[in-house]
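Novice: Before anything else, here's the structure in question.
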Amino acid sequence: MESLVIFPISAIMHAIVWTFIAVLTLVLSSPILLCAMGIMMLPLTSAFSADAPFPDIPFKSFSQFITQNFSSKISLSAALVILFSLTENTDLLNLHARQQYVKCQGEHHVQASGWIKALARTLQKQLNTHQTRPLKMKNVAHGIDEEQALSLKLDSLVKILRLHPYDSTEQFRGKLRPISHKSIQPALTICPDAMECQTLACKSRSLQQITSIRDIPYVTLIKETIIYEGVPVLTGQCPICKTKYSADHERAIEGEENTFYRLYLNSAKYLKVGQALWVDRSFSRAVWNGLYSFHASAAAYTEYWNNSFRRHQTVQFKQVTRRQIWQAFIQESIRSIASMSNIDLVLQDGLSIEEVTKEAFTILGANGVIRVAGEHSCSECTQEYKATADVISSPSDAEGASARNNEDMQVDNTSVQLVVLDGIVTGPLVCALFDFNSKLMAYLLNHKCCAFEDCTAELANARGGAFCALHELEYGAKCRVVGCFNQKTAGIQACEEHRADWTRFQTSSSRQKLSGFRRMVRRQGETLPWESASAPNTQRHDEDMPQIQRSNYFTSRRFYCVETICAPCGVVIAWTKFAKAESPENILNFLQSVYPTEESRPAYICIDKACLVLRHSIVNGSWDMWRKTSRFIVDSYHYINHSKGDYLCRKWCNPAPMDGSAPNLVIVERDADGIPHFKRAFNTQACEQLNAWLGGFDIILRRMTVGNFNWFLHAMLSHHSVIVMEKQQQRSGDDGHNDLDNGNSDDDSDM
């Protein structure tokens with residue numbers, strides 16, 4: 001009976017059916033029967049692709065074989081490794097069994113084939129590596145080595161487990177199919193990770209299981225890529241403080257108002273991502289890494305997972321949804337960033353996922369500062385302080401070169417050099433790079449905000465709305481043309497006097513109109529024949545961006561740009577959004593918020609418009625604060641476009657002066673032939689490289705609400721910093737070389 005389960009049709013049944021069809025074919029000559037006969041001639045096993053059941057033998061048979069052939073001290077894990085090594089290698093067992101039967105001329109019967117020897121060799125290596133005691137065998141014939149002996153014992157065990165494609169009469173029963181492990185899957189439960197109450201006043205009281213039998217929810221659990229159904233979710237409660245403990249959070253009552261609060265456990269093993277769906281942390285980490293590495297949206301990753309893993313499983317679970325994937329990303333990123341920040345996130349219980357995202361950014365976002373990057377330091381971010389410049393030909397070349405850029409800077413003191421070693425943002429020669437050429441980001445991350453002047457609040461209606469909740473109520477039924485206080489006409493957003501403005505707006509922006517369709521399909525920077533010629537942008541990088549005055553409130557405004565701060569190695573230090581312009585005032589305020597103390601400020605701050613920032617800093621008096629610790633320099637890419645007649649730029653903002661005025665920006669390096677050459681000490685294009693990577697999230701970010709936008713960008717930049725730091729640690733054992741470009745080959749007048 002068991003052979004019929006493993007092999008669908010026996011050899012005798014096959015012969016009977018074949019004879020019956022052949023007789024009917026000769027008598028009736030039916031085309032239908034001829035087709036049936038042709039089908040029977042095909043290999044019978046090809047129609048049965050399902051996995052074979054796990055070997056169903058008495059445990060006593062397996063136990064007797066183990067005790068008779070191996071040491072009595074063999075561990076349970078070693079015995080299970082032997083068992084599962086056989087059930088996981090059915091293809092190898094097919095090859096081995098075929099060599100034990102002679103069918104063709106020149107073949108020989110082989111008891112221990114090369115196939116089974118290879119498995120025995122691999123198995124013995126596995127056991128010796130992971131087991132505390134070596135594998136010892138009994139009843140081994142004299143003159144047989146360990147590999148041959150283990151091969152023969154595995155061959156015997158194969159036959160006991162009925163993992164042999166031939167029966168006792170040497171008749172072929174069919175090729176072995178992969179073994180299904182569904183019948184031996186463990187019984188899983190989702191329960192609290194804590195074993196006792198964590199409240200100090202309760203003095204480590206044990207937790208009681210409070211869910212009644214009829215109320216225990218049975219959910220679907222995705223563990224790695226396997227779907228388990230009917231998994232019970234159990235909840236514990238402390239009998240003293242009444243705190244409830246779940247697998248992914250704790251729920252307690254705090255305050256006089258008896259408000260329930262939820263503590264999101266950073267150590268949670270399982271996360272709830274749907275009403276009846278839980279996932280393990282391997283699944284949620286895969287979601288985060290998938291969105292990060294593939295620049296994928298939640299919808300794209302949902303389709304990928306369902307096509308790759310869901311369709312090949314036999315459970316009743318339909319499929320993972322986009323909302324569940326987004327929930328998995330939010331839950332995983334919240335716990336990971338909270339863990340990296342050593343913070344336990346506590347929020348009011350019962351919040352929606354949108355509210356959780358906003359509150360998480362408020363508590364964990366740190367106003368855009370990436371906490372995990374605070375203590376980072378590597379050879380690409382710091383340089384040993386040098387009072388004089390490196391020279392190539394002779395020391396006399398550097399004589400008389402005054403370190404003008406280091407005048408009045410406290411980096412000359414030996415005590416400051418010790419701060420350099422403390423971290424990337426605390427050392428004097430840590431070069432923090434700012435991408436203040438965020439014109440790409442202005443288009444890329446053109447995130448929407450309230451259309452009202454000087455308001456950057458989130459839209460009340462992210463799909464077509466123009467105002468936040470406050471100004472939507474305040475502006476109400478007024479005409480949306482700036483300066484008009486008339487009541488708007490029903491059906492449009494303007495009064496009768498400005499109906500033409502509304503019609504013009506609809507014609508130019510609606511997708512249903514031809515011009516709107518043309519705008520929709522146009523690529524960035526592309527000029528098409530039907531478009532009017534536009535004047536080229538002649539604005540220089542060292543000039544401020546003029547603000548454009550709005551004539552109406554028909555549509556929402558967009559943030560002007562996202563500013564990022566990067567270390568030369570690519571680690572992101574901080575980011576923020578500028579609502580209207582990338583003005584020097586906004587830049588200096590951002591700098592002040594990230595580096596509030598003199599000890600935290602870097603020695604060099606690289607900005608594409610450093611000239612303008614420096615001038616503005618001198619005018620408003622903030623230069624007295626920065627001059628002691630830092631210098632503003634232009635990145636090497638934009639410096640060649642700055643005016644040669646700008647004395648302040650050439651003297652104070654040169655990224656690589658060759659007159660020895662900034663000895664810590666230019667170093668001497670030798671090439672493969674030992675020839676010395678000058679090289680920039682820092683990679684000044686780190687933020688440009690970051691922007692190229694962020695470009696992949698264009699489609700995802702432009703459609704998000706403010707809360708989702710802030711958290712998604714902060715989570716991705718935090719994850720990016722962690723990955724960059726891990727790569728830096730892997731390269732720390734090298735001889736000083738790395739894969740990143742620390743310089744720029746573009747020539748300028750000074751280098």
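Every chain in the structure tokens takes a letter, A first, then B, and so on in the order presented; its residues are numbered from 1, and the ligands are numbered from 1 following the presented order.
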Extract, using only C-alpha atoms, all DNA, RNA and protein residues at most 12 Å from Ala298 in chain A, discarding same-chain residues fewer than 5 positions from it, and format them as a PyMOL selection string.

Specialist: chain A and resi 287-292+303-305+320-330+697+699-701+704+712

Novice: For range 49-59 of chain A, work out the shell of residues within 8 Å, counting only C-alpha atoms and skipping chain neighbours fewer than 3 positions away, then give it as a ChimeraX atom specification.

Specialist: /A:6,45-46,62-63,87,161-163,176-181,183-184

Novice: Atoms to include: N, CA, C and O atoms. Write the selected residues as a CSV table (one decimal), in the first residue's frame.

Specialist:
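Contents of again.csv, as written:
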chain,number,residue,atom,x,y,z
A,6,ILE,N,3.8,6.1,-2.8
A,6,ILE,CA,5.1,6.7,-3.3
A,6,ILE,C,5.2,6.6,-4.8
A,6,ILE,O,5.5,7.6,-5.5
A,45,THR,N,5.9,8.8,-14.5
A,45,THR,CA,6.3,9.7,-13.4
A,45,THR,C,6.2,11.2,-13.9
A,45,THR,O,6.1,12.0,-13.0
A,46,SER,N,6.2,11.4,-15.2
A,46,SER,CA,6.2,12.8,-15.6
A,46,SER,C,4.9,13.5,-15.3
A,46,SER,O,4.8,14.7,-15.2
A,62,PHE,N,14.1,2.8,12.8
A,62,PHE,CA,15.1,3.8,12.7
A,62,PHE,C,16.0,3.7,13.9
A,62,PHE,O,17.3,3.8,13.8
A,63,SER,N,15.4,3.6,15.1
A,63,SER,CA,16.2,3.6,16.3
A,63,SER,C,17.2,2.4,16.3
A,63,SER,O,18.3,2.5,16.7
A,87,THR,N,16.8,12.5,3.0
A,87,THR,CA,15.6,13.0,2.4
A,87,THR,C,15.7,14.2,1.5
A,87,THR,O,14.8,14.5,0.7
A,161,LEU,N,14.4,3.1,4.9
A,161,LEU,CA,13.5,4.3,4.7
A,161,LEU,C,12.7,4.2,3.5
A,161,LEU,O,11.8,5.1,3.2
A,162,ARG,N,12.9,3.2,2.7
A,162,ARG,CA,12.2,3.0,1.4
A,162,ARG,C,12.4,4.1,0.4
A,162,ARG,O,11.6,4.6,-0.3
A,163,LEU,N,13.7,4.7,0.5
A,163,LEU,CA,14.1,5.7,-0.5
A,163,LEU,C,14.9,5.1,-1.6
A,163,LEU,O,16.0,5.6,-1.9
A,176,LEU,N,12.6,8.5,-7.8
A,176,LEU,CA,12.3,9.1,-6.5
A,176,LEU,C,12.0,10.6,-6.7
A,176,LEU,O,12.7,11.3,-7.5
A,177,ARG,N,10.9,11.0,-6.1
A,177,ARG,CA,10.6,12.4,-6.2
A,177,ARG,C,11.0,13.2,-4.9
A,177,ARG,O,11.4,12.5,-3.9
A,178,PRO,N,11.1,14.5,-5.0
A,178,PRO,CA,11.5,15.2,-3.8
A,178,PRO,C,10.6,14.9,-2.6
A,178,PRO,O,9.4,14.7,-2.8
A,179,ILE,N,11.2,14.8,-1.4
A,179,ILE,CA,10.4,14.5,-0.2
A,179,ILE,C,9.8,15.7,0.4
A,179,ILE,O,10.4,16.7,0.6
A,180,SER,N,8.5,15.6,0.7
A,180,SER,CA,7.8,16.7,1.3
A,180,SER,C,8.0,16.6,2.8
A,180,SER,O,7.9,15.5,3.4
A,181,HIS,N,8.2,17.8,3.4
A,181,HIS,CA,8.4,17.8,4.9
A,181,HIS,C,7.2,18.4,5.6
A,181,HIS,O,7.3,18.8,6.7
A,183,SER,N,4.5,17.0,6.6
A,183,SER,CA,3.9,16.2,7.6
A,183,SER,C,4.8,16.3,8.9
A,183,SER,O,4.3,15.9,10.0
A,184,ILE,N,6.0,16.8,8.8
A,184,ILE,CA,6.8,16.9,10.0
A,184,ILE,C,7.1,18.4,10.4
A,184,ILE,O,8.1,18.7,11.1

Novice: Choose the residue, out of A:Tyr639, A:Pro217, A:Asn306, A:Glu599, that has the smallest atom-to-atom separation from Met625 in chain A; count only C-alpha atoms.

Specialist: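 With only C-alpha atoms as the atom set, the closest residue is A:Glu599.
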
Novice: Find the residues near Gln685 in chain A: any atom within 8 Å, counting only C-alpha atoms, skip ones fewer than 5 places away on the same chain, and give them as a list of chain:residue names.

Specialist: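 Near Gln685 in chain A, the qualifying residues are A:Leu433, A:Pro568, A:Asp635, A:Ser636, A:Tyr637.
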
Novice: Which residues come within 10 Å of Gln592 in chain A, counting only C-alpha atoms, excluding same-chain residues fewer than 4 positions away, as a list of chain:residue names?

Specialist: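 Using only C-alpha atoms, the neighbours found are A:Asn586, A:Ile587, A:Leu588, A:Pro596, A:Thr597, A:Arg601, A:Ser622, A:Met625, A:Trp626.
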
Novice: With N, CA, C and O atoms retained, write the just-selected residues as a JSON list (two decimals), in the first residue's frame.

Specialist:
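After the write, selection26.json holds the following:
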[["chain", "number", "residue", "atom", "x", "y", "z"],
["A", 586, "ASN", "N", 18.78, 79.77, 4.79],
["A", 586, "ASN", "CA", 18.33, 78.42, 5.10],
["A", 586, "ASN", "C", 19.50, 77.47, 5.31],
["A", 586, "ASN", "O", 19.46, 76.59, 6.18],
["A", 587, "ILE", "N", 20.53, 77.63, 4.49],
["A", 587, "ILE", "CA", 21.70, 76.76, 4.61],
["A", 587, "ILE", "C", 22.39, 76.95, 5.95],
["A", 587, "ILE", "O", 22.73, 75.98, 6.65],
["A", 588, "LEU", "N", 22.59, 78.22, 6.35],
["A", 588, "LEU", "CA", 23.26, 78.48, 7.62],
["A", 588, "LEU", "C", 22.41, 78.01, 8.81],
["A", 588, "LEU", "O", 22.95, 77.51, 9.80],
["A", 596, "PRO", "N", 25.44, 72.43, 16.53],
["A", 596, "PRO", "CA", 25.14, 73.55, 17.44],
["A", 596, "PRO", "C", 26.34, 74.02, 18.25],
["A", 596, "PRO", "O", 26.34, 75.15, 18.73],
["A", 597, "THR", "N", 27.37, 73.20, 18.43],
["A", 597, "THR", "CA", 28.51, 73.57, 19.26],
["A", 597, "THR", "C", 29.78, 73.61, 18.43],
["A", 597, "THR", "O", 29.87, 72.99, 17.36],
["A", 601, "ARG", "N", 31.59, 70.91, 15.02],
["A", 601, "ARG", "CA", 31.67, 71.42, 13.65],
["A", 601, "ARG", "C", 32.87, 70.84, 12.91],
["A", 601, "ARG", "O", 33.95, 70.68, 13.49],
["A", 622, "SER", "N", 27.20, 85.85, 11.40],
["A", 622, "SER", "CA", 27.41, 84.46, 11.83],
["A", 622, "SER", "C", 28.80, 83.95, 11.53],
["A", 622, "SER", "O", 29.20, 82.89, 12.04],
["A", 625, "MET", "N", 31.08, 83.13, 14.34],
["A", 625, "MET", "CA", 30.87, 81.83, 14.99],
["A", 625, "MET", "C", 31.57, 80.71, 14.23],
["A", 625, "MET", "O", 32.13, 79.79, 14.84],
["A", 626, "TRP", "N", 31.59, 80.78, 12.90],
["A", 626, "TRP", "CA", 32.15, 79.69, 12.10],
["A", 626, "TRP", "C", 33.65, 79.81, 11.87],
["A", 626, "TRP", "O", 34.31, 78.80, 11.65]]

Novice: In Å, with one decimal, what is the gap from CA of Phe467 in chain A to CA of Ser297 in chain A?

Specialist: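 Rounded to one decimal, the two atoms are 26.6 Å apart.
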
Novice: Nearest to Glu563 in chain A: which of A:His720, A:Tyr475, A:Val369, A:Leu86 is it, counting only C-alpha atoms?

Specialist: A:Val369

Novice: Fewer than 2 positions away in the same chain doesn't count, so skip those; otherwise give me all residues within 8 Å of range 204-215 of chain A, counting only C-alpha atoms, as a PyMOL selection string.

Specialist: chain A and resi 195-200+202+217+234-240

Novice: Near range 334-348 of chain A, counting only C-alpha atoms, which residues have an atom at most 8 Å away, once you skip same-chain residues fewer than 2 positions from it, shown as a list in words?

Specialist: Thr259, Phe260, Tyr261, Arg262, Leu263, Tyr264, Leu265, Asn266, Ser267, Ile330, Gln331, Glu332, Gly350, Leu351, Val356, Glu359, Ala360, Ile363, Leu364, Arg371, Val372, Ala715 and Ser718 of chain A

Novice: Save out the residues we just selected, N, CA and C atoms, as a PDB file, in the first residue's frame.

Specialist:
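Output contents, as saved in out_3.pdb:
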ATOM      1  N   THR A 259      -4.977  56.220  30.066  1.00  0.00           N
ATOM      2  CA  THR A 259      -4.756  56.116  28.632  1.00  0.00           C
ATOM      3  C   THR A 259      -3.890  54.899  28.330  1.00  0.00           C
ATOM      4  N   PHE A 260      -4.258  54.158  27.306  1.00  0.00           N
ATOM      5  CA  PHE A 260      -3.486  52.992  26.918  1.00  0.00           C
ATOM      6  C   PHE A 260      -2.350  53.426  25.997  1.00  0.00           C
ATOM      7  N   TYR A 261      -1.162  52.906  26.277  1.00  0.00           N
ATOM      8  CA  TYR A 261       0.013  53.178  25.462  1.00  0.00           C
ATOM      9  C   TYR A 261       0.603  51.866  24.965  1.00  0.00           C
ATOM     10  N   ARG A 262       1.219  51.948  23.789  1.00  0.00           N
ATOM     11  CA  ARG A 262       1.800  50.768  23.167  1.00  0.00           C
ATOM     12  C   ARG A 262       3.310  50.940  23.050  1.00  0.00           C
ATOM     13  N   LEU A 263       4.053  49.970  23.568  1.00  0.00           N
ATOM     14  CA  LEU A 263       5.504  49.932  23.448  1.00  0.00           C
ATOM     15  C   LEU A 263       5.875  48.986  22.318  1.00  0.00           C
ATOM     16  N   TYR A 264       6.508  49.511  21.277  1.00  0.00           N
ATOM     17  CA  TYR A 264       6.914  48.695  20.132  1.00  0.00           C
ATOM     18  C   TYR A 264       8.229  47.997  20.476  1.00  0.00           C
ATOM     19  N   LEU A 265       8.196  46.681  20.561  1.00  0.00           N
ATOM     20  CA  LEU A 265       9.355  45.904  20.994  1.00  0.00           C
ATOM     21  C   LEU A 265      10.385  45.818  19.872  1.00  0.00           C
ATOM     22  N   ASN A 266      11.597  46.305  20.148  1.00  0.00           N
ATOM     23  CA  ASN A 266      12.666  46.220  19.154  1.00  0.00           C
ATOM     24  C   ASN A 266      13.151  44.788  18.960  1.00  0.00           C
ATOM     25  N   SER A 267      12.934  43.934  19.956  1.00  0.00           N
ATOM     26  CA  SER A 267      13.409  42.549  19.888  1.00  0.00           C
ATOM     27  C   SER A 267      12.337  41.581  19.400  1.00  0.00           C
ATOM     28  N   ILE A 330       7.029  49.527   7.435  1.00  0.00           N
ATOM     29  CA  ILE A 330       6.931  50.492   8.523  1.00  0.00           C
ATOM     30  C   ILE A 330       7.301  49.839   9.856  1.00  0.00           C
ATOM     31  N   GLN A 331       6.751  48.666  10.134  1.00  0.00           N
ATOM     32  CA  GLN A 331       7.021  47.997  11.402  1.00  0.00           C
ATOM     33  C   GLN A 331       8.500  47.634  11.547  1.00  0.00           C
ATOM     34  N   GLU A 332       9.106  47.145  10.470  1.00  0.00           N
ATOM     35  CA  GLU A 332      10.518  46.765  10.532  1.00  0.00           C
ATOM     36  C   GLU A 332      11.421  47.991  10.670  1.00  0.00           C
ATOM     37  N   GLY A 350      -3.849  52.220  19.505  1.00  0.00           N
ATOM     38  CA  GLY A 350      -4.978  52.381  18.608  1.00  0.00           C
ATOM     39  C   GLY A 350      -4.748  53.327  17.455  1.00  0.00           C
ATOM     40  N   LEU A 351      -3.530  53.794  17.236  1.00  0.00           N
ATOM     41  CA  LEU A 351      -3.261  54.706  16.131  1.00  0.00           C
ATOM     42  C   LEU A 351      -3.258  53.958  14.803  1.00  0.00           C
ATOM     43  N   VAL A 356       0.951  56.384  13.074  1.00  0.00           N
ATOM     44  CA  VAL A 356       2.163  55.770  13.616  1.00  0.00           C
ATOM     45  C   VAL A 356       3.398  56.266  12.862  1.00  0.00           C
ATOM     46  N   GLU A 359       4.173  59.897  13.997  1.00  0.00           N
ATOM     47  CA  GLU A 359       4.716  59.944  15.352  1.00  0.00           C
ATOM     48  C   GLU A 359       6.112  59.337  15.412  1.00  0.00           C
ATOM     49  N   ALA A 360       6.354  58.319  14.634  1.00  0.00           N
ATOM     50  CA  ALA A 360       7.675  57.696  14.614  1.00  0.00           C
ATOM     51  C   ALA A 360       8.731  58.667  14.097  1.00  0.00           C
ATOM     52  N   ILE A 363       9.580  61.274  16.797  1.00  0.00           N
ATOM     53  CA  ILE A 363      10.393  60.785  17.912  1.00  0.00           C
ATOM     54  C   ILE A 363      11.746  60.267  17.442  1.00  0.00           C
ATOM     55  N   LEU A 364      11.761  59.500  16.359  1.00  0.00           N
ATOM     56  CA  LEU A 364      12.994  58.848  15.903  1.00  0.00           C
ATOM     57  C   LEU A 364      13.694  59.603  14.787  1.00  0.00           C
ATOM     58  N   ARG A 371      21.076  59.368  13.300  1.00  0.00           N
ATOM     59  CA  ARG A 371      21.773  59.088  14.557  1.00  0.00           C
ATOM     60  C   ARG A 371      22.853  58.027  14.402  1.00  0.00           C
ATOM     61  N   VAL A 372      22.605  57.041  13.562  1.00  0.00           N
ATOM     62  CA  VAL A 372      23.551  55.941  13.443  1.00  0.00           C
ATOM     63  C   VAL A 372      24.871  56.409  12.857  1.00  0.00           C
ATOM     64  N   ALA A 715      14.165  56.580   6.637  1.00  0.00           N
ATOM     65  CA  ALA A 715      14.495  55.156   6.788  1.00  0.00           C
ATOM     66  C   ALA A 715      15.488  54.706   5.729  1.00  0.00           C
ATOM     67  N   SER A 718      18.947  56.208   6.476  1.00  0.00           N
ATOM     68  CA  SER A 718      19.543  55.513   7.620  1.00  0.00           C
ATOM     69  C   SER A 718      20.068  54.146   7.200  1.00  0.00           C
TER      70      SER A 718
END

Novice: Tell me, as a compact mmCIF listing (two decimals) with N, CA, C and O atoms, in the first residue's frame, which residues lie within 8 Å of range 312-319 of chain A, counting only C-alpha atoms; anything in the same chain fewer than 6 positions away does not count.

Specialist:
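Written out: around_15.txt:
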# COMPACT_ATOMS: atom_id res chain seq x y z
N THR A 220 -2.46 33.49 9.76
CA THR A 220 -1.47 33.01 8.80
C THR A 220 -0.12 33.62 9.15
O THR A 220 -0.03 34.83 9.41
N ILE A 226 8.05 30.59 3.77
CA ILE A 226 7.08 29.52 3.95
C ILE A 226 5.84 30.08 4.64
O ILE A 226 5.93 30.84 5.61
N ILE A 227 4.67 29.70 4.15
CA ILE A 227 3.40 30.15 4.70
C ILE A 227 2.82 29.06 5.60
O ILE A 227 2.65 27.92 5.17
N TYR A 228 2.53 29.40 6.83
CA TYR A 228 1.92 28.49 7.80
C TYR A 228 0.52 29.00 8.12
O TYR A 228 0.34 30.20 8.39
N GLU A 229 -0.42 28.11 8.14
CA GLU A 229 -1.80 28.49 8.42
C GLU A 229 -2.23 27.94 9.78
O GLU A 229 -1.69 26.95 10.26
N ASN A 306 4.58 37.54 -4.47
CA ASN A 306 3.51 36.61 -4.82
C ASN A 306 3.89 35.72 -6.00
O ASN A 306 3.58 34.53 -6.02

Novice: For CA of Val482 in chain A and CA of Phe559 in chain A, determine how far apart the two atoms are, in Å to one decimal place.

Specialist: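 Going from CA of Val482 in chain A over to CA of Phe559 in chain A, I get 19.4 Å.
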
Novice: Run DSSP on the backbone and give me the residues of range 610-677 of chain A it puts in alpha helix (DSSP H), as a PyMOL selection string.

Specialist: chain A and resi 610-620+623-626+636-639+647-652

Novice: Enter the distance from CA of Tyr647 in chain A to CA of Pro584 in chain A, in Å, rounded to one decimal.

Specialist: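 According to the coordinates, CA of Tyr647 in chain A and CA of Pro584 in chain A are separated by 19.3 Å.
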